[in-house]
Amino acid sequence: MLKVCPYCGKKYYEVKNIPLWIPESIREIMRYQPMCNCLKIIEEEKLKERERRKEREIINKKIKRYRDISLIDTKFLRSRFENDRYGDKYLKFAKRYAKRVVEENNFNRGIVFIGDSGTGKTFTSSCIANYLMDNGKTVLVINFGLYLNRVKREWAEAENDILNFVKLCDLLVIDDFGGERNTEFAIEKAFLLIDTRYRSEKPMIVTTNLSLYQLERKFTNRIRSRLEEMCYTIKVNTKDRRKDIANENFHKYIA
């Protein structure tokens, strides 16, 4: 009885001129051959899937590597667009921006979020960062004050390592820029950090309590001019969300 293809149902044909010197066990395998190319297509698909799986593993390892050196805590990981309770215009803009960074390979425009403490700047930038990582993009998150402390402790080696990540990652997030004490060391390192990203021509998000004018006074015009050229400037005028959360927690406690 002739075999049939288990995928399309076409019959196999019988090969009648198999040389007798071939061992019987192998001749039996060769005796019936498919008339379709289903098996070939399936093997090619399996090969492609293995390649896709390998690529995903490489991407996931890269994402994890960036996350491991970033300042990512539980609060950061909970900062996602679907967890937003306010639905303000800044989050809507941020979501459109995140989708654009994922979909357009050469998109290099960044954002400077300017606003008072507690207005949601870090939450918004974290939502963008998580969205990108969920979609296979590498993100490096830096708190500028902690970055300065690390560079002071470990000096050139640590700085060179981080600047290499700064240059290569798909998105750089610098949180609380300008919140540290103003020193010549801070000015020098701030410019080197911003300039490295500027030269890479890739997007960057900066959150700060200072205006661009105040950043210029603190860090020189070279930093301000690069930020203005690289980034949209978004003034966040929402109320202090931390007070809302504190009040909610208090009412839950006394209820």
# chains A, B, ... in the order shown; residues from 1 in each chain; ligands from 1
>>> select_by_dssp(residues="segment 68-203 of chain A", states="alpha helix (DSSP H)", output="PyMOL selection string")
chain A and resi 68-69+74-78+89-103+121-134+144-168+184-200
>>> select_by_dssp(residues="segment 47-240 of chain A", states="strand (DSSP E or B)", output="PyMOL selection string")
chain A and resi 110-114+139-143+171-175+204-208+231-235
>>> closest_atom_pairs(of="segment 137-199 of chain A", to="segment 71-92 of chain A", cutoff="10 Å", atoms="only C-alpha atoms", output="tab-separated table")
residue	atom	partner	partner_atom	distance
A:Leu140	CA	A:Leu71	CA	8.4
A:Val141	CA	A:Leu71	CA	5.8
A:Ile142	CA	A:Leu71	CA	6.1
A:Asn143	CA	A:Leu71	CA	7.0
A:Leu146	CA	A:Leu71	CA	9.1
A:Tyr147	CA	A:Leu71	CA	9.7
A:Asp175	CA	A:Leu71	CA	9.6
>>> residues_around(residues="Thr124 of chain A", least_positions_apart="2", cutoff="8 Å", atoms="only C-alpha atoms", output="list in words")
Ser79, Tyr90, Leu91, Ala94, Gly120, Lys121, Thr122, Ser126, Cys127 and Ile128 of chain A
>>> atom_distance(atom1="atom CA of Tyr12 of chain A", atom2="atom CA of Tyr32 of chain A")
5.8 Å
>>> closest_residue(among="A:Lys202, A:Lys218, A:Lys46, A:Lys99", to="Ala190 of chain A", atoms="only C-alpha atoms")
A:Lys218
